[in-house]
Each structure stands twice: as structure tokens, then as C-alpha cells.
Amino acid sequence: MKASQFLISTQKEAPADAEVASHRLMMRAGMIKKLGAGIYTYMPMGLRVIRKVEAIVREEMNRAGAVECTMPVVQPAELWQETGRFDKMGPELLRIQDRHQRDFVIQPTSEEVVTDIARQELRSYKQLPRNLYQIQTKFRDERRPRFGLMRGREFIMKDAYSFDRDAASAQRSYERMSQAYRAIFDRFGLRYRAVAADSGAIGGDLSEEFQVIAHTGEDAIVYCPDSDYAANMEKAEALAPAGPRSAAAEAMQKVATPGKSTCADVAALLGLPLDRTVKSLVLATDETDERGEVLRSQVWLLLVRGDHDMNEIKVGKVPGLDAGFRFATVPEIIEHFGTKPGYLGPIGLKKPVRIVADREVALMADWVCGANEEDFHLRGVNWGRDLPEPHAVADLRNVVEGDLSPDGRGRLAIERGIEVGHVFYLGTKYSKPMNATFLDEDGKPKPFEMGCYGIGITRLPAAAIEQNHDERGIVWPDAIAPFTVVVCPIGMDRSAEVRAAAEQLHDELAAAGVDVMLDDRGERPGAMFADWELIGVPHRVVLSDRGLKEGQVEYQHRRDKEPTRMPLAEVAGFLR
Ligand code: ATP
Ligand code: MG
Ligand code: MG
Ligand code: MG
């Protein structure tokens, strides 16, 4: 490829909304272009990376016996009504109507469509097991699209679905995918962890997330350095020793029946006066799944003194609360936590409570607080103690660093991760409501045992950058670099020798199947090198008149501090 024919659109500055390195660098390197919130064009340079990610995923999926198809992006609502997801799924599901006012959805995943295919095409146990996958555009109307491709609204996902005749066979299919995922993520050359995830209502341990380790990750993962225990926070919490941590928690648990309780109910249980002094009590609740079902609720107390007319609150499950109330004034809190005045509330509050200065607020140990503003959240806050670093995503948890691992083999550590893949045993969750059956050996119809397996194709490059960048730009792992080698001739338009040598090297590498770029734009060396360092091409070869007189070129890996001289005659062999 020649740079003069390609579209290189590097930028000096990143947009103001780019908060993490991958977003900033993908924008600056001209890999993506924003069209709307969470909606991006994959520019030629970015698309090359995405295609490489796809190719690796496709190869390993095929190797694991999955077969590729492409399902429609726009799907009739009728199918989604069969499973109830059309109504149950929250606003993440984009619903649209055609000219006849018929309802459709834009696929966020495709369980319904693939199950519909299976019930028509897989009639006999003899056709099982089968695994169908696609690499396709998805749309999720994310509440908070951010970090560029990391949490887009339109994005590309590889989604695979397995169909088996019974649970034992389905578990083997699941295992196969889980192994294929390891093979895939090993090839990307990233540090990742496979962690146990909650399998929801289905039970069992058959759900794992593949988390790329990065401090900017939105997920908390819990692991034990002394054993192979690793789980995401939700799963770890579900396994945490039951039992409230304090009397206050015990009291809270009593009202922890989903539904509505009033402030008075809760305050009475806590033995707190709910009168003119303590008027209202607020809590954060409800992390829901894609069907809008409550997965996890968290309750944070915020007691506001003065007259505040919040008298209805929804109480969910309470993971644990520490006792020990102490009242403080808002100006004190603002000063102490370094948050900004305005909204101060626990994470996840659907309706933040406006705290007017001079109201008083009760605080507890180990809670989360912050202005309702990005990056101003604090976790593990204890009144009067030193404050921890602010975290973008907060978690007040039952599971904390240093707890004993559930396998008893060591202490727990917590780190942050980016969910790049997820494997999930579904059982008959979709096949039963859709009446998707096959004829088993005994001649009787049975519902398929299913599994689903996703990989965030466009999230992966962002995760790779979070792990691999420096002050000059991206440092791509070879496997997914847009180009593996860039040939940079100096003074190409002045020197016929440089031009000829550069073109010959380019052609030779290209013929050997190396993804090589020849920068024939005629840029000055400084600007040219800066571009390729920003874009993150792993290998660079510089040709100049002076070097060529001695038959030498300069080779530099993106991670090298200095270039190395190398005979021109050897460089192609070295890079092949
Ligand atoms: P998250 O917890 O980050 O919202 P998810 O659990 O909702 O992800 P899944 O339904 O498991 O996502 O989808 C499979 C994969 O698709 C995820 O592991 C992730 O890599 C990718 N993915 C999900 N949502 C997005 C998004 N908004 N932008 C980019 N990739 C995404
Ligand atoms: Mg999600
Ligand atoms: Mg998730
Ligand atoms: Mg997931």
C-alpha cells in the first residue's frame, strides 16, 4: 500500500470528550470519526485493524466447528414478542417502525433470529450439535455511550449460538467455545483474565467473561493470586459469605423486598427519627439485565436533614451496610471529598437528589459518593479517614481486597478490566418460549439446549490500546496492527536511488504477504515519523541517500528507543 493512495488523517489534538487513551489515540490517529453519540465511521486505517480482529476470530471460530452466517440487522418485532424481550428489554433495545407502522428492532444480539433458524432447519438430533455465528453490526442504545469504540451504540460483535440435544452436550459445546476464546485472546497478545460471571437465573457456573486488564476498565474483577480463582464483582458478591455486616444492614434487609417502601419504614427499622431533622432517605438501586430484570440492587443511604419531600423509595436487595452514622454538612462534604457542589449522590441513583448547601447528610463507612459527574466518584469512603483515589465507576462492595478467597487458598485482589468477550450457557431460555424443538432419538420433540458467545470486535482494538500505548501514540501488537511495516524514504523526490530502493523493498515485502505501507507522501522526516508512531505501526524502515551509499537502512521497532543499522539486503528477510 502506498500512503499517497491511502487516507491518512492524523490530528494534533484529540476532542475534548475523549477521556481515555484509546479514544484519544484512535481519534488522533484517524482510525475512527464520530458521526453521533456512540456512532463512528471506521476510517480506512481503523478498519484494517477491525478486519484483522475479525479474521482471527473467524479463523478460531471455524476451527472450533462453528459455521458463519449473517443475520439481518433489522428484525421483525414478532420474533422478539415470542420471547417477551420486545416488551421486557429496556431502552437499550432500539425499536423502529416501517411505513406500515409495523414494529422492528435493530439487533442488539440475535438469539430470537437464530432460534427461529434452528427450529426450521435443525429437525433431528442427528443434526446436532450445531453452532452458528455472525460478525455483524449491533445497536444498543447505551445509557452512557463513551470512550469511543469501547462503549459505542453502533458496534460490531461476533455472536455465536450453539444448539445441543441435552445439557451435557451443551456443556461440551460451551467448553469448546471457552477454549476457542482462550485461543483467540492469546493471539491478540493482550493481558487478559477469564473470570466467572453470573449466569443469572440459569444457575451453575457456565458463564465467563474475558476481561482485558486495564485500569480504565469499567468492570471490577476479583482474583486470587495464589489460586486460579477469578470472578467478576457481581459473581464474587453473589458468593460472598452471606449475612449482614452490621445491625443497620440487618435492619435494611428486612425492608429489602423489591417493591416500594417509604422513608419512614426504613428509618423506623434503623431506629432513626424521620421527622423535621431527618426528612428523607435516598438510595441507589437496580442494575438491570437486557430484559429490564433486576440483576442487582444496591442501597446507599443518604439522609437529608431538613424538609425534603422524597417520601417514596424503592427498596431492592441490600448487599451490606456499615453502621455508624455521623452527620456532616454539605459544605464539609464538598470540601472533604473535593467534589463539586450541586448533585452529590450515590452512583446509580436514577433520580439524583439535589443537595442544597447547608443541609446535613449522614455518612456511613465504606460508601461511595461523588458529584454526579464523570470521574468524581470515590469508593470506600470513610468519614474522617484518608480518601482513596477517585474512580470513574464506583463500587461499594461486600467483597474487598484482602478478603479470603472462596477456595480458601489465599487473599483476594481486585483489578479493573474491559469485557471483550462473554460465553454463556443458556439452557432452554429461548428455545422453550419459541417452541424450538428437534426430534430426539426416541421420536419425541425436545427443546434445544443453547449457549451464546459474544466478542466485542470493535471494543477489542480500544482495549488493546489501553494496554499498549506511550506518549507518542499507539503500539499495536503485530497481530492486529493496521500495517506491520512502514517504509519511510527520506528525500524520495530528490533521489532516484532512494525511490527505487524503497519501492523495491515495499514490493518485495508485499509479495511475501507482509502488510507493508510505503510512505511516499514526501513529508519531512519528523512529521512522517510522528504520524507512524501515533498510528502505531510496529516496524519501521528508514531509507536515505547517506545510508544507501553504504548499503544500509535504519530499522526501528515501535518499542525501541533507538534505530538499528541493518544492511538493505537483509531487511526484507528480517521482516518476513
Ligand atoms: P457491557 O457489560 O460492557 O455492557 P455486555 O455484558 O452488555 O457488555 P454482552 O451482551 O455480553 O455485552 O455482549 C458481548 C460482547 O459485546 C461484550 O463482551 C463486549 O465485548 C461487546 N459489547 C457489548 N456492548 C458493547 C458496546 N456498547 N460497545 C462495544 N462493544 C460492546
Ligand atoms: Mg451492556
Ligand atoms: Mg457485561
Ligand atoms: Mg456480557
# chains A, B, ... in the order shown; residues from 1 in each chain; ligands from 1
>>> residues_near_ligand(ligand="ligand 1", cutoff="9 Å", atoms="only C-alpha atoms and all ligand atoms", output="PyMOL selection string")
chain A and resi 38+108-109+138-142+144-146+148-159+209-211+218-219+289-290+418-424+453-460
>>> write_last_selection(atoms="C-alpha atoms", output="short mmCIF file (atom, residue, chain, number, x, y, z; two decimals), in the first residue's frame")
data_model
loop_
_atom_site.label_atom_id
_atom_site.label_comp_id
_atom_site.auth_asym_id
_atom_site.auth_seq_id
_atom_site.Cartn_x
_atom_site.Cartn_y
_atom_site.Cartn_z
CA GLY A 38 -21.62 6.35 20.21
CA PRO A 108 -28.53 -5.83 19.99
CA THR A 109 -27.86 -9.61 19.72
CA LYS A 138 -25.19 -4.36 16.56
CA PHE A 139 -27.01 -1.45 18.05
CA ARG A 140 -27.60 -0.83 21.73
CA ASP A 141 -28.94 2.48 22.84
CA GLU A 142 -26.48 2.65 25.72
CA ARG A 144 -23.90 6.36 28.52
CA PRO A 145 -22.05 5.76 25.27
CA ARG A 146 -18.46 6.74 25.87
CA GLY A 148 -15.09 5.87 21.62
CA LEU A 149 -15.36 2.30 20.34
CA MET A 150 -15.21 0.95 23.87
CA ARG A 151 -18.87 1.62 24.56
CA GLY A 152 -20.45 2.60 21.29
CA ARG A 153 -24.11 2.43 20.41
CA GLU A 154 -23.42 1.00 16.97
CA PHE A 155 -20.64 -1.56 17.13
CA ILE A 156 -19.52 -4.86 15.67
CA MET A 157 -19.93 -8.05 17.63
CA LYS A 158 -19.14 -11.64 16.86
CA ASP A 159 -22.07 -13.58 18.23
CA GLU A 209 -16.25 -13.07 30.79
CA PHE A 210 -12.95 -12.38 29.11
CA GLN A 211 -11.54 -9.25 30.62
CA GLU A 218 -15.43 -0.31 33.62
CA ASP A 219 -15.62 -3.67 35.39
CA ASP A 289 -30.26 -7.01 32.51
CA GLU A 290 -31.19 -6.53 28.88
CA ILE A 418 -12.58 -4.37 29.95
CA GLU A 419 -15.11 -7.04 28.98
CA VAL A 420 -14.10 -8.12 25.49
CA GLY A 421 -15.86 -11.46 25.39
CA HIS A 422 -18.59 -13.38 27.12
CA VAL A 423 -19.58 -17.03 26.94
CA PHE A 424 -22.90 -18.10 28.35
CA TYR A 453 -20.97 -16.43 22.87
CA GLY A 454 -20.05 -12.83 22.13
CA ILE A 455 -16.88 -10.94 21.31
CA GLY A 456 -16.71 -7.16 21.04
CA ILE A 457 -14.88 -6.88 17.73
CA THR A 458 -14.71 -3.08 17.77
CA ARG A 459 -14.16 -2.88 21.52
CA LEU A 460 -11.09 -5.07 21.25
#
>>> residues_around(residues="Leu132 in chain A", least_positions_apart="3", cutoff="7 Å", atoms="only C-alpha atoms", output="compact mmCIF listing (two decimals) with C-alpha atoms, in the first residue's frame")
# COMPACT_ATOMS: atom_id res chain seq x y z
CA ALA A 66 -18.80 -23.02 14.28
CA VAL A 67 -20.35 -22.02 10.94
CA GLU A 68 -20.74 -18.48 9.76
CA CYS A 69 -23.90 -16.80 8.55
CA ALA A 160 -22.25 -17.35 18.16
CA TYR A 161 -25.07 -19.64 19.27
CA SER A 162 -24.83 -23.34 20.00
>>> closest_residue(among="A:Ala530, A:Pro72, A:Arg558, A:Arg494", to="Thr10 in chain A", atoms="only C-alpha atoms")
A:Ala530
>>> atom_distance(atom1="CA of Thr83 in chain A", atom2="CA of Phe163 in chain A")
17.1 Å
>>> closest_residue(among="A:Glu60, A:Glu234, A:Glu401, A:Asp164", to="Met177 in chain A", atoms="only C-alpha atoms")
A:Glu60
>>> residues_around(residues="Val222 in chain A", least_positions_apart="4", cutoff="12 Å", atoms="only C-alpha atoms", output="count of residues only")
37
>>> closest_residue(among="A:Met1, A:Met45, A:Ala436, A:Leu94", to="Ala481 in chain A", atoms="only C-alpha atoms")
A:Met45
